[in-house]
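Shown below: my_file_23.pdb, with PDB, C-alpha atoms.
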```pdb
ATOM      1  CA  MET A  91     -84.081 -13.960  33.184
ATOM      2  CA  VAL A  92     -81.820 -12.485  35.853
ATOM      3  CA  THR A  93     -83.085 -10.824  39.047
ATOM      4  CA  VAL A  94     -80.783  -8.651  41.145
ATOM      5  CA  ARG A  95     -81.559  -7.344  44.626
ATOM      6  CA  VAL A  96     -79.942  -4.046  45.598
ATOM      7  CA  PRO A  97     -79.967  -2.174  48.916
ATOM      8  CA  ALA A  98     -80.872   1.362  49.861
ATOM      9  CA  LYS A  99     -78.319   3.392  51.788
ATOM     10  CA  VAL A 100     -78.257   5.771  54.697
ATOM     11  CA  ASN A 101     -75.398   8.207  55.211
ATOM     12  CA  VAL A 102     -74.352   7.804  58.832
ATOM     13  CA  GLN A 103     -71.967  10.686  58.237
ATOM     14  CA  LEU A 104     -72.245  13.163  55.381
ATOM     15  CA  GLY A 105     -69.527  15.790  55.623
ATOM     16  CA  VAL A 106     -69.771  18.386  52.850
ATOM     17  CA  GLY A 107     -66.792  20.497  51.804
ATOM     18  CA  GLY A 108     -66.758  23.682  49.760
ATOM     19  CA  VAL A 109     -67.825  24.067  46.144
ATOM     20  CA  ARG A 110     -65.198  22.768  43.711
ATOM     21  CA  PRO A 111     -64.480  24.407  40.339
ATOM     22  CA  ASP A 112     -66.490  21.611  38.664
ATOM     23  CA  GLY A 113     -69.537  22.468  40.784
ATOM     24  CA  TYR A 114     -69.333  19.361  42.969
ATOM     25  CA  HIS A 115     -68.432  19.279  46.665
ATOM     26  CA  ASP A 116     -65.749  17.151  48.286
ATOM     27  CA  LEU A 117     -67.426  14.701  50.637
ATOM     28  CA  ALA A 118     -66.629  12.491  53.602
ATOM     29  CA  ASN A 119     -69.577  10.192  53.078
ATOM     30  CA  VAL A 120     -69.980   7.116  55.281
ATOM     31  CA  PHE A 121     -72.436   4.908  53.406
ATOM     32  CA  PHE A 122     -74.382   2.182  55.226
ATOM     33  CA  ALA A 123     -76.398  -0.378  53.213
ATOM     34  CA  VAL A 124     -79.752  -1.473  54.659
ATOM     35  CA  ALA A 125     -82.091  -4.365  53.927
ATOM     36  CA  LEU A 126     -84.793  -2.108  52.464
ATOM     37  CA  GLY A 127     -84.143  -2.510  48.739
ATOM     38  CA  ASP A 128     -85.313  -2.808  45.136
ATOM     39  CA  GLN A 129     -85.242  -5.734  42.735
ATOM     40  CA  VAL A 130     -84.404  -5.352  39.044
ATOM     41  CA  THR A 131     -85.184  -8.198  36.633
ATOM     42  CA  ALA A 132     -83.561  -8.312  33.209
ATOM     43  CA  THR A 133     -85.099 -10.316  30.357
ATOM     44  CA  PRO A 134     -84.287 -10.354  26.645
ATOM     45  CA  GLY A 135     -86.065  -7.643  24.665
ATOM     46  CA  GLU A 136     -85.937  -5.247  21.744
ATOM     47  CA  GLY A 137     -83.801  -2.226  22.532
ATOM     48  CA  VAL A 138     -83.766  -1.052  26.160
ATOM     49  CA  THR A 139     -87.212  -0.849  27.779
ATOM     50  CA  LEU A 140     -88.386  -0.382  31.368
ATOM     51  CA  SER A 141     -91.372  -1.140  33.584
ATOM     52  CA  CYS A 142     -91.912  -0.573  37.291
ATOM     53  CA  ASP A 143     -94.155  -1.718  40.150
ATOM     54  CA  GLY A 144     -94.352  -0.448  43.723
ATOM     55  CA  PRO A 145     -95.857   2.333  45.862
ATOM     56  CA  ASP A 146     -93.877   5.079  44.080
ATOM     57  CA  ALA A 147     -93.913   3.523  40.604
ATOM     58  CA  ALA A 148     -95.739   6.485  39.070
ATOM     59  CA  ALA A 149     -92.788   8.733  39.971
ATOM     60  CA  VAL A 150     -90.192   6.511  38.278
ATOM     61  CA  PRO A 151     -89.137   7.641  34.769
ATOM     62  CA  LEU A 152     -89.372   4.865  32.190
ATOM     63  CA  ASP A 153     -87.049   6.424  29.612
ATOM     64  CA  ASP A 154     -83.329   7.154  29.374
ATOM     65  CA  GLY A 155     -83.668   9.495  32.343
ATOM     66  CA  ASN A 156     -83.702   6.334  34.458
ATOM     67  CA  LEU A 157     -80.239   5.235  35.595
ATOM     68  CA  ALA A 158     -81.145   1.595  34.961
ATOM     69  CA  ALA A 159     -81.613   2.282  31.245
ATOM     70  CA  ARG A 160     -78.444   4.376  31.129
ATOM     71  CA  ALA A 161     -76.551   1.578  32.879
ATOM     72  CA  ALA A 162     -77.650  -0.992  30.298
ATOM     73  CA  ARG A 163     -76.575   1.251  27.432
ATOM     74  CA  LEU A 164     -73.245   2.113  29.099
ATOM     75  CA  LEU A 165     -72.388  -1.545  29.704
ATOM     76  CA  ALA A 166     -73.312  -2.430  26.123
ATOM     77  CA  ALA A 167     -71.177   0.396  24.750
ATOM     78  CA  HIS A 168     -68.214  -0.649  26.912
ATOM     79  CA  HIS A 169     -68.353  -4.145  25.417
ATOM     80  CA  GLY A 170     -69.061  -2.978  21.876
ATOM     81  CA  LEU A 171     -72.592  -4.399  21.726
ATOM     82  CA  ALA A 172     -74.163  -2.431  18.898
ATOM     83  CA  ASP A 173     -77.750  -3.502  19.515
ATOM     84  CA  PRO A 174     -78.362  -4.276  23.222
ATOM     85  CA  GLY A 175     -81.684  -5.929  23.859
ATOM     86  CA  VAL A 176     -83.111  -5.999  27.376
ATOM     87  CA  HIS A 177     -86.295  -5.304  29.279
ATOM     88  CA  LEU A 178     -85.691  -4.136  32.845
ATOM     89  CA  HIS A 179     -88.480  -4.490  35.393
ATOM     90  CA  ILE A 180     -88.033  -2.615  38.673
ATOM     91  CA  ASP A 181     -89.817  -3.762  41.834
ATOM     92  CA  LYS A 182     -89.571  -0.477  43.709
ATOM     93  CA  ALA A 183     -89.431  -0.334  47.507
ATOM     94  CA  ILE A 184     -86.811   2.399  48.031
ATOM     95  CA  PRO A 185     -88.467   5.856  48.254
ATOM     96  CA  VAL A 186     -88.138   7.921  45.066
ATOM     97  CA  ALA A 187     -86.075  11.131  45.435
ATOM     98  CA  GLY A 188     -85.887  10.300  49.135
ATOM     99  CA  GLY A 189     -82.178  10.575  49.914
ATOM    100  CA  MET A 190     -81.639   6.790  49.971
ATOM    101  CA  ALA A 191     -80.056   6.455  46.494
ATOM    102  CA  GLY A 192     -82.941   4.483  44.992
ATOM    103  CA  GLY A 193     -82.210   5.555  41.426
ATOM    104  CA  SER A 194     -78.515   4.849  41.895
ATOM    105  CA  ALA A 195     -79.363   1.433  43.333
ATOM    106  CA  ASP A 196     -81.386   0.582  40.235
ATOM    107  CA  GLY A 197     -78.488   1.670  38.029
ATOM    108  CA  ALA A 198     -76.145  -0.656  39.900
ATOM    109  CA  ALA A 199     -78.642  -3.508  39.746
ATOM    110  CA  ALA A 200     -79.093  -3.024  36.007
ATOM    111  CA  LEU A 201     -75.324  -3.174  35.450
ATOM    112  CA  LEU A 202     -75.114  -6.486  37.275
ATOM    113  CA  ALA A 203     -78.296  -7.946  35.767
ATOM    114  CA  CYS A 204     -77.360  -7.067  32.184
ATOM    115  CA  ASP A 205     -73.829  -8.320  32.699
ATOM    116  CA  ALA A 206     -75.211 -11.701  33.769
ATOM    117  CA  LEU A 207     -77.955 -11.812  31.126
ATOM    118  CA  TRP A 208     -75.520 -11.055  28.324
ATOM    119  CA  GLY A 209     -72.822 -13.405  29.701
ATOM    120  CA  LEU A 210     -70.177 -10.666  29.806
ATOM    121  CA  ASP A 211     -68.373 -11.573  33.056
ATOM    122  CA  THR A 212     -67.195  -7.997  33.576
ATOM    123  CA  PRO A 213     -64.698  -7.793  36.479
ATOM    124  CA  LEU A 214     -65.979  -5.946  39.542
ATOM    125  CA  PRO A 215     -63.341  -3.161  39.299
ATOM    126  CA  VAL A 216     -64.587  -2.384  35.782
ATOM    127  CA  LEU A 217     -68.232  -2.435  36.911
ATOM    128  CA  LEU A 218     -67.289   0.020  39.664
ATOM    129  CA  GLU A 219     -65.657   2.327  37.094
ATOM    130  CA  LEU A 220     -68.774   2.220  34.933
ATOM    131  CA  ALA A 221     -70.918   2.803  38.017
ATOM    132  CA  ALA A 222     -68.938   5.959  38.843
ATOM    133  CA  GLU A 223     -69.687   7.270  35.340
ATOM    134  CA  LEU A 224     -73.396   6.909  36.097
ATOM    135  CA  GLY A 225     -73.369   8.784  39.408
ATOM    136  CA  SER A 226     -71.663   9.341  42.739
ATOM    137  CA  ASP A 227     -73.803   6.851  44.704
ATOM    138  CA  VAL A 228     -73.897   4.035  42.145
ATOM    139  CA  PRO A 229     -70.567   2.368  43.058
ATOM    140  CA  PHE A 230     -71.613   1.928  46.692
ATOM    141  CA  ALA A 231     -74.838   0.197  45.649
ATOM    142  CA  LEU A 232     -72.642  -2.431  43.980
ATOM    143  CA  LEU A 233     -70.310  -2.730  46.970
ATOM    144  CA  GLY A 234     -72.746  -2.571  49.912
ATOM    145  CA  GLY A 235     -71.765  -3.077  53.539
ATOM    146  CA  VAL A 236     -70.311   0.098  55.041
ATOM    147  CA  ALA A 237     -67.824   2.284  53.209
ATOM    148  CA  LEU A 238     -66.253   5.720  53.305
ATOM    149  CA  GLY A 239     -66.816   7.641  50.096
ATOM    150  CA  ARG A 240     -64.422  10.446  49.214
ATOM    151  CA  GLY A 241     -64.206  12.809  46.257
ATOM    152  CA  ARG A 242     -67.822  13.335  45.275
ATOM    153  CA  GLY A 243     -68.603  10.002  46.990
ATOM    154  CA  GLU A 244     -67.426   7.596  44.299
ATOM    155  CA  LEU A 245     -63.969   6.787  45.756
ATOM    156  CA  LEU A 246     -64.809   4.001  48.194
ATOM    157  CA  GLU A 247     -62.961   2.483  51.137
ATOM    158  CA  PRO A 248     -64.747  -0.442  52.849
ATOM    159  CA  LEU A 249     -64.996   0.010  56.615
ATOM    160  CA  PRO A 250     -65.039  -2.613  59.385
ATOM    161  CA  VAL A 251     -68.361  -3.052  61.154
ATOM    162  CA  ALA A 252     -69.536  -5.466  63.833
ATOM    163  CA  GLY A 253     -73.019  -6.792  64.448
ATOM    164  CA  THR A 254     -76.347  -5.562  63.160
ATOM    165  CA  PHE A 255     -77.829  -2.085  63.544
ATOM    166  CA  HIS A 256     -81.570  -1.469  63.497
ATOM    167  CA  TRP A 257     -83.095   1.447  61.595
ATOM    168  CA  VAL A 258     -86.433   3.057  60.858
ATOM    169  CA  PHE A 259     -87.026   5.165  57.742
ATOM    170  CA  ALA A 260     -89.886   7.656  57.656
ATOM    171  CA  VAL A 261     -91.003   8.332  54.089
ATOM    172  CA  ALA A 262     -92.253  11.828  53.261
ATOM    173  CA  ASP A 263     -94.774  12.847  50.611
ATOM    174  CA  GLY A 264     -92.903  14.022  47.530
ATOM    175  CA  GLY A 265     -89.144  14.229  47.040
ATOM    176  CA  LEU A 266     -86.325  16.720  47.326
ATOM    177  CA  SER A 267     -83.901  17.557  44.540
ATOM    178  CA  THR A 268     -80.338  16.688  45.571
ATOM    179  CA  PRO A 269     -78.830  19.626  43.606
ATOM    180  CA  ALA A 270     -81.357  21.977  45.231
ATOM    181  CA  VAL A 271     -80.381  20.769  48.711
ATOM    182  CA  PHE A 272     -76.679  21.300  47.967
ATOM    183  CA  ARG A 273     -77.446  24.812  46.686
ATOM    184  CA  GLU A 274     -79.400  25.543  49.857
ATOM    185  CA  CYS A 275     -76.478  24.271  51.943
ATOM    186  CA  ASP A 276     -74.192  26.721  50.113
ATOM    187  CA  ARG A 277     -76.720  29.533  50.564
ATOM    188  CA  LEU A 278     -77.050  28.918  54.294
ATOM    189  CA  ARG A 279     -73.274  28.919  54.661
ATOM    190  CA  GLU A 280     -73.002  32.201  52.768
ATOM    191  CA  GLU A 281     -75.846  33.680  54.814
ATOM    192  CA  SER A 282     -74.109  32.720  58.050
ATOM    193  CA  GLY A 283     -70.897  34.407  56.916
ATOM    194  CA  LEU A 284     -68.909  31.189  56.695
ATOM    195  CA  GLY A 285     -68.684  31.140  52.905
ATOM    196  CA  SER A 286     -69.117  28.106  50.679
ATOM    197  CA  SER A 287     -65.912  27.889  48.622
ATOM    198  CA  LEU A 288     -63.050  25.420  49.023
ATOM    199  CA  ALA A 289     -61.094  28.172  50.776
ATOM    200  CA  ASP A 290     -63.922  28.744  53.257
ATOM    201  CA  VAL A 291     -64.935  25.180  54.156
ATOM    202  CA  PRO A 292     -62.375  22.647  55.433
ATOM    203  CA  THR A 293     -62.099  19.360  53.547
ATOM    204  CA  PRO A 294     -64.276  16.953  55.542
ATOM    205  CA  ASP A 295     -62.992  13.708  57.012
ATOM    206  CA  ALA A 296     -64.563  10.709  58.692
ATOM    207  CA  ASP A 297     -65.242  11.082  62.413
ATOM    208  CA  PRO A 298     -62.994   8.668  64.384
ATOM    209  CA  ALA A 299     -65.726   8.229  67.021
ATOM    210  CA  LEU A 300     -68.196   7.148  64.352
ATOM    211  CA  LEU A 301     -65.735   4.698  62.799
ATOM    212  CA  ALA A 302     -65.032   3.208  66.232
ATOM    213  CA  ALA A 303     -68.755   2.821  66.970
ATOM    214  CA  LEU A 304     -69.264   0.936  63.710
ATOM    215  CA  ALA A 305     -66.264  -1.305  64.294
ATOM    216  CA  GLU A 306     -67.455  -2.115  67.833
ATOM    217  CA  GLY A 307     -71.103  -2.621  66.886
ATOM    218  CA  ASP A 308     -72.203  -0.032  69.463
ATOM    219  CA  PRO A 309     -75.562   1.585  68.539
ATOM    220  CA  VAL A 310     -75.463   4.086  71.439
ATOM    221  CA  ALA A 311     -72.033   5.359  70.412
ATOM    222  CA  LEU A 312     -73.073   5.443  66.753
ATOM    223  CA  ALA A 313     -76.178   7.446  67.654
ATOM    224  CA  ALA A 314     -74.000  10.085  69.320
ATOM    225  CA  ALA A 315     -71.806  10.386  66.225
ATOM    226  CA  LEU A 316     -74.416  10.509  63.410
ATOM    227  CA  ALA A 317     -74.024  13.689  61.348
ATOM    228  CA  ASN A 318     -75.337  15.172  58.107
ATOM    229  CA  ASP A 319     -74.118  18.549  56.848
ATOM    230  CA  LEU A 320     -77.094  18.670  54.461
ATOM    231  CA  GLN A 321     -79.717  18.300  57.192
ATOM    232  CA  ALA A 322     -80.155  22.022  57.868
ATOM    233  CA  ALA A 323     -80.620  22.646  54.137
ATOM    234  CA  ALA A 324     -83.170  19.836  53.775
ATOM    235  CA  VAL A 325     -85.155  21.123  56.766
ATOM    236  CA  SER A 326     -84.934  24.665  55.400
ATOM    237  CA  LEU A 327     -86.543  23.501  52.147
ATOM    238  CA  ARG A 328     -88.999  21.162  53.910
ATOM    239  CA  PRO A 329     -89.650  22.547  57.452
ATOM    240  CA  SER A 330     -92.100  19.730  58.240
ATOM    241  CA  LEU A 331     -89.122  17.344  58.498
ATOM    242  CA  ALA A 332     -88.397  18.834  61.926
ATOM    243  CA  ASP A 333     -91.718  17.402  63.146
ATOM    244  CA  THR A 334     -90.851  13.968  61.754
ATOM    245  CA  LEU A 335     -87.432  13.978  63.412
ATOM    246  CA  HIS A 336     -89.004  15.017  66.739
ATOM    247  CA  ALA A 337     -91.714  12.334  66.517
ATOM    248  CA  GLY A 338     -89.135   9.582  66.074
ATOM    249  CA  THR A 339     -86.951  10.650  68.963
ATOM    250  CA  GLU A 340     -90.033  11.073  71.170
ATOM    251  CA  ALA A 341     -90.926   7.466  70.325
ATOM    252  CA  GLY A 342     -87.587   6.265  71.670
ATOM    253  CA  ALA A 343     -85.142   6.345  68.758
ATOM    254  CA  LEU A 344     -81.539   6.669  69.890
ATOM    255  CA  ALA A 345     -80.949   9.343  67.247
ATOM    256  CA  ALA A 346     -82.536  10.861  64.169
ATOM    257  CA  LEU A 347     -81.199  12.487  61.028
ATOM    258  CA  VAL A 348     -82.236  13.316  57.510
ATOM    259  CA  SER A 349     -81.045  10.588  55.139
ATOM    260  CA  GLY A 350     -78.673  12.112  52.596
ATOM    261  CA  SER A 351     -80.357  15.019  50.850
ATOM    262  CA  GLY A 352     -83.767  13.961  52.218
ATOM    263  CA  PRO A 353     -86.646  14.067  52.648
ATOM    264  CA  THR A 354     -86.593  10.532  54.103
ATOM    265  CA  CYS A 355     -85.692  10.636  57.806
ATOM    266  CA  ALA A 356     -83.611   7.886  59.420
ATOM    267  CA  PHE A 357     -83.836   6.741  63.038
ATOM    268  CA  LEU A 358     -81.356   4.480  64.794
ATOM    269  CA  ALA A 359     -82.981   2.123  67.302
ATOM    270  CA  LYS A 360     -81.580   0.036  70.167
ATOM    271  CA  ASP A 361     -82.823  -3.280  68.760
ATOM    272  CA  ALA A 362     -85.439  -4.838  66.467
ATOM    273  CA  ASP A 363     -88.273  -4.444  68.992
ATOM    274  CA  ALA A 364     -87.449  -0.783  69.538
ATOM    275  CA  ALA A 365     -87.335  -0.227  65.771
ATOM    276  CA  ALA A 366     -90.796  -1.793  65.358
ATOM    277  CA  HIS A 367     -92.140   0.496  68.111
ATOM    278  CA  VAL A 368     -90.620   3.624  66.565
ATOM    279  CA  ALA A 369     -91.983   2.711  63.122
ATOM    280  CA  ALA A 370     -95.487   2.218  64.490
ATOM    281  CA  ALA A 371     -95.339   5.509  66.382
ATOM    282  CA  LEU A 372     -94.172   7.374  63.286
ATOM    283  CA  ARG A 373     -96.951   5.889  61.155
ATOM    284  CA  ALA A 374     -99.460   7.047  63.778
ATOM    285  CA  SER A 375     -97.902  10.495  64.186
ATOM    286  CA  GLY A 376     -99.191  12.018  60.953
ATOM    287  CA  THR A 377     -95.721  13.446  60.253
ATOM    288  CA  CYS A 378     -94.835  11.063  57.399
ATOM    289  CA  ARG A 379     -96.474   8.997  54.672
ATOM    290  CA  THR A 380     -95.253   5.697  56.118
ATOM    291  CA  ALA A 381     -92.337   4.226  58.061
ATOM    292  CA  HIS A 382     -90.281   1.049  57.594
ATOM    293  CA  ALA A 383     -88.221  -0.826  60.171
ATOM    294  CA  THR A 384     -85.156  -2.547  58.738
ATOM    295  CA  HIS A 385     -81.571  -3.459  59.540
ATOM    296  CA  GLY A 386     -78.043  -3.499  58.194
ATOM    297  CA  PRO A 387     -75.420  -3.610  57.014
ATOM    298  CA  VAL A 388     -76.214  -5.875  54.066
ATOM    299  CA  PRO A 389     -74.317  -6.791  50.880
ATOM    300  CA  GLY A 390     -74.479  -4.710  47.739
ATOM    301  CA  ALA A 391     -76.247  -5.653  44.501
ATOM    302  CA  ARG A 392     -76.360  -9.413  44.031
ATOM    303  CA  VAL A 393     -78.035 -11.889  41.720
ATOM    304  CA  VAL A 394     -80.857 -13.630  43.590
ATOM    305  CA  LYS A 395     -82.550 -15.534  40.749
ATOM    306  CA  THR A 396     -81.718 -16.761  37.259
ATOM    307  CA  SER A 397     -83.592 -18.901  34.762
ATOM    308  CA  ALA A 398     -83.113 -19.872  31.151
TER     309      ALA A 398
END
```
Written as structure tokens, how would this file's structure read?
Amino acid sequence: MVTVRVPAKVNVQLGVGGVRPDGYHDLANVFFAVALGDQVTATPGEGVTLSCDGPDAAAVPLDDGNLAARAARLLAAHHGLADPGVHLHIDKAIPVAGGMAGGSADGAAALLACDALWGLDTPLPVLLELAAELGSDVPFALLGGVALGRGRGELLEPLPVAGTFHWVFAVADGGLSTPAVFRECDRLREESGLGSSLADVPTPDADPALLAALAEGDPVALAAALANDLQAAAVSLRPSLADTLHAGTEAGALAALVSGSGPTCAFLAKDADAAAHVAAALRASGTCRTAHATHGPVPGARVVKTSA
């Protein structure tokens, strides 16, 4: 048995460029790994099977639509294992379809867990290549910490960060489709007259003020620099998110933004006590299903338990 813990992420900056010929968008995506996370346990089995526990377990696919199953099969194929046998159990804490890369995290955890269970000793650079085949956010779940993602997010550059930052995540009822949010972003740009093509939208880059705030461990400066080009699209598709964002800032959060493509909302707090206060206020506000206080950055996917 091998158990891997893997973190959720928040995008402290998500700059979205124009639509590429392949349908993706160039991104300047500053990933930040937080302690809220899932655990994936791999045990020997027949074929590739899945099970899941947790508040959102009913929304988790237990077939090859799940990135954890796809990760196991991809790793097996890479090593020429004709008949991979593994059961993957997911202890789910990251919101499903919530903009925190929960499915991608499980894919990364499954890669690492199966690699250990099968005794493959795959080098990290190869695991990162396989992760990129699974999805844009999967490599960061392996790496963790804080990193700048370019391309469609899979080309990672670790970033320096000092100290610990305190966050609150407000979980909404239901999810948002990431492709739908990107389409809405393009539509809003077209509607505003800006256009949505590569020729219309400058290639995004990381904000120097945000990078400096991370490197200095300054939550006030980071709060001033948080940015998400998908936020307007997420709020357009889910107008109630505006109430959630307002409730968190009214409770004392330094800043609020939609996490990734949403609908989870992220709030940066001054310290752990402030985060606990904001979380309690959000839970009482009626604007979200629940709220979690947590911190980061934390490492990426890592083995936390093994047994013969």
I'd like the residues picked by the PyMOL selection byres ((chain A and resi 129-139) around 10) written out as a VMD selection string, using the chain letters and numbers from the file. chain A and resid 91 to 97 127 to 128 140 to 142 152 to 154 158 to 160 162 to 163 173 to 184 195 to 208 391 to 398
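Close to (-67.0, 13.1, 67.2), meaning no more than 10 Å away when counting all atoms listed in the file, sit the residues Ala296, Asp297, Pro298, Ala299, Leu300, Leu301, Ala311, Leu312, Ala314, Ala315, Leu316 and Ala317 of chain A.
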Given the choices A:Val186, A:Ala364, A:Val271, A:Ala370, which gets closest to Ala148 of chain A if the distance is worked out from all atoms listed in the file? A:Val186
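The shell of residues at most 12 Å from Arg277 of chain A, with all atoms listed in the file counted and near chain neighbours (fewer than 5 positions) removed, consists of Gly108, Val109, Ala270, Val271, Phe272, Ser282, Gly283, Leu284, Gly285, Ser286, Ser287, Leu320, Ala322, Ala323, Ser326 and Leu327 of chain A.
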Evaluate the PyMOL selection byres ((chain A and resi 340-351) around 7) and record the selected residues as an NGL selection string, following the chain and residue labels used in the document. :A and (100-101 or 189-190 or 268 or 271 or 310 or 313 or 320-321 or 324 or 335-339 or 352-360 or 368 or 371)
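We find atom CA of Arg242 of chain A and atom CA of Ala191 of chain A to be spaced 14.1 Å apart.
Taking atom CA of Ser194 of chain A and atom CA of Lys99 of chain A as the two end points, the separation is 10.0 Å.
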Could you pull the residues within 9 Å of Asp361 of chain A, counting all atoms listed in the file, minus those fewer than 2 positions along the same chain, as a PyMOL selection string? chain A and resi 254-257+309+358-359+363-366
So what do you get for atom CA of Leu104 of chain A versus atom CA of Leu126 of chain A, distance-wise? 20.0 Å
Report, as JSON, the axis-aligned box around all atoms of segment 143-149 of chain A present in the file, extended by 4 Å on each side; give centre and edge lengths in Å to one decimal place.
```
{"center_x": -94.3, "center_y": 3.5, "center_z": 42.5, "size_x": 11.1, "size_y": 18.5, "size_z": 14.8}
```
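Each of A:Gly376, A:Pro250, A:Gly239, A:Gly390 was checked against Asn119 of chain A using all atoms listed in the file; the smallest atom-to-atom distance is that of A:Gly239.
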Which residues are near Pro229 of chain A? Cut-off 7 Å, all atoms listed in the file, ignore same chain within fewer than 4 positions. Put them as number ranges by chain. A: 218, 221-222, 233, 244
Selection in question (the file shown): the PyMOL selection byres ((chain A and resi 243) around 9). Which residues does it include, as a PDB file with C-alpha atoms, in the frame of the given file?
```pdb
ATOM      1  CA  ASP A 116     -65.749  17.151  48.286  1.00  0.00           C
ATOM      2  CA  LEU A 117     -67.426  14.701  50.637  1.00  0.00           C
ATOM      3  CA  ALA A 118     -66.629  12.491  53.602  1.00  0.00           C
ATOM      4  CA  ASN A 119     -69.577  10.192  53.078  1.00  0.00           C
ATOM      5  CA  VAL A 120     -69.980   7.116  55.281  1.00  0.00           C
ATOM      6  CA  SER A 226     -71.663   9.341  42.739  1.00  0.00           C
ATOM      7  CA  ASP A 227     -73.803   6.851  44.704  1.00  0.00           C
ATOM      8  CA  PRO A 229     -70.567   2.368  43.058  1.00  0.00           C
ATOM      9  CA  PHE A 230     -71.613   1.928  46.692  1.00  0.00           C
ATOM     10  CA  LEU A 238     -66.253   5.720  53.305  1.00  0.00           C
ATOM     11  CA  GLY A 239     -66.816   7.641  50.096  1.00  0.00           C
ATOM     12  CA  ARG A 240     -64.422  10.446  49.214  1.00  0.00           C
ATOM     13  CA  GLY A 241     -64.206  12.809  46.257  1.00  0.00           C
ATOM     14  CA  ARG A 242     -67.822  13.335  45.275  1.00  0.00           C
ATOM     15  CA  GLU A 244     -67.426   7.596  44.299  1.00  0.00           C
ATOM     16  CA  LEU A 245     -63.969   6.787  45.756  1.00  0.00           C
ATOM     17  CA  LEU A 246     -64.809   4.001  48.194  1.00  0.00           C
TER      18      LEU A 246
END
```
Which residue gives the smallest distance to Thr380 of chain A among A:Val124, A:Ala237, A:Val258, A:Gly209, with all atoms listed in the file counted? A:Val258
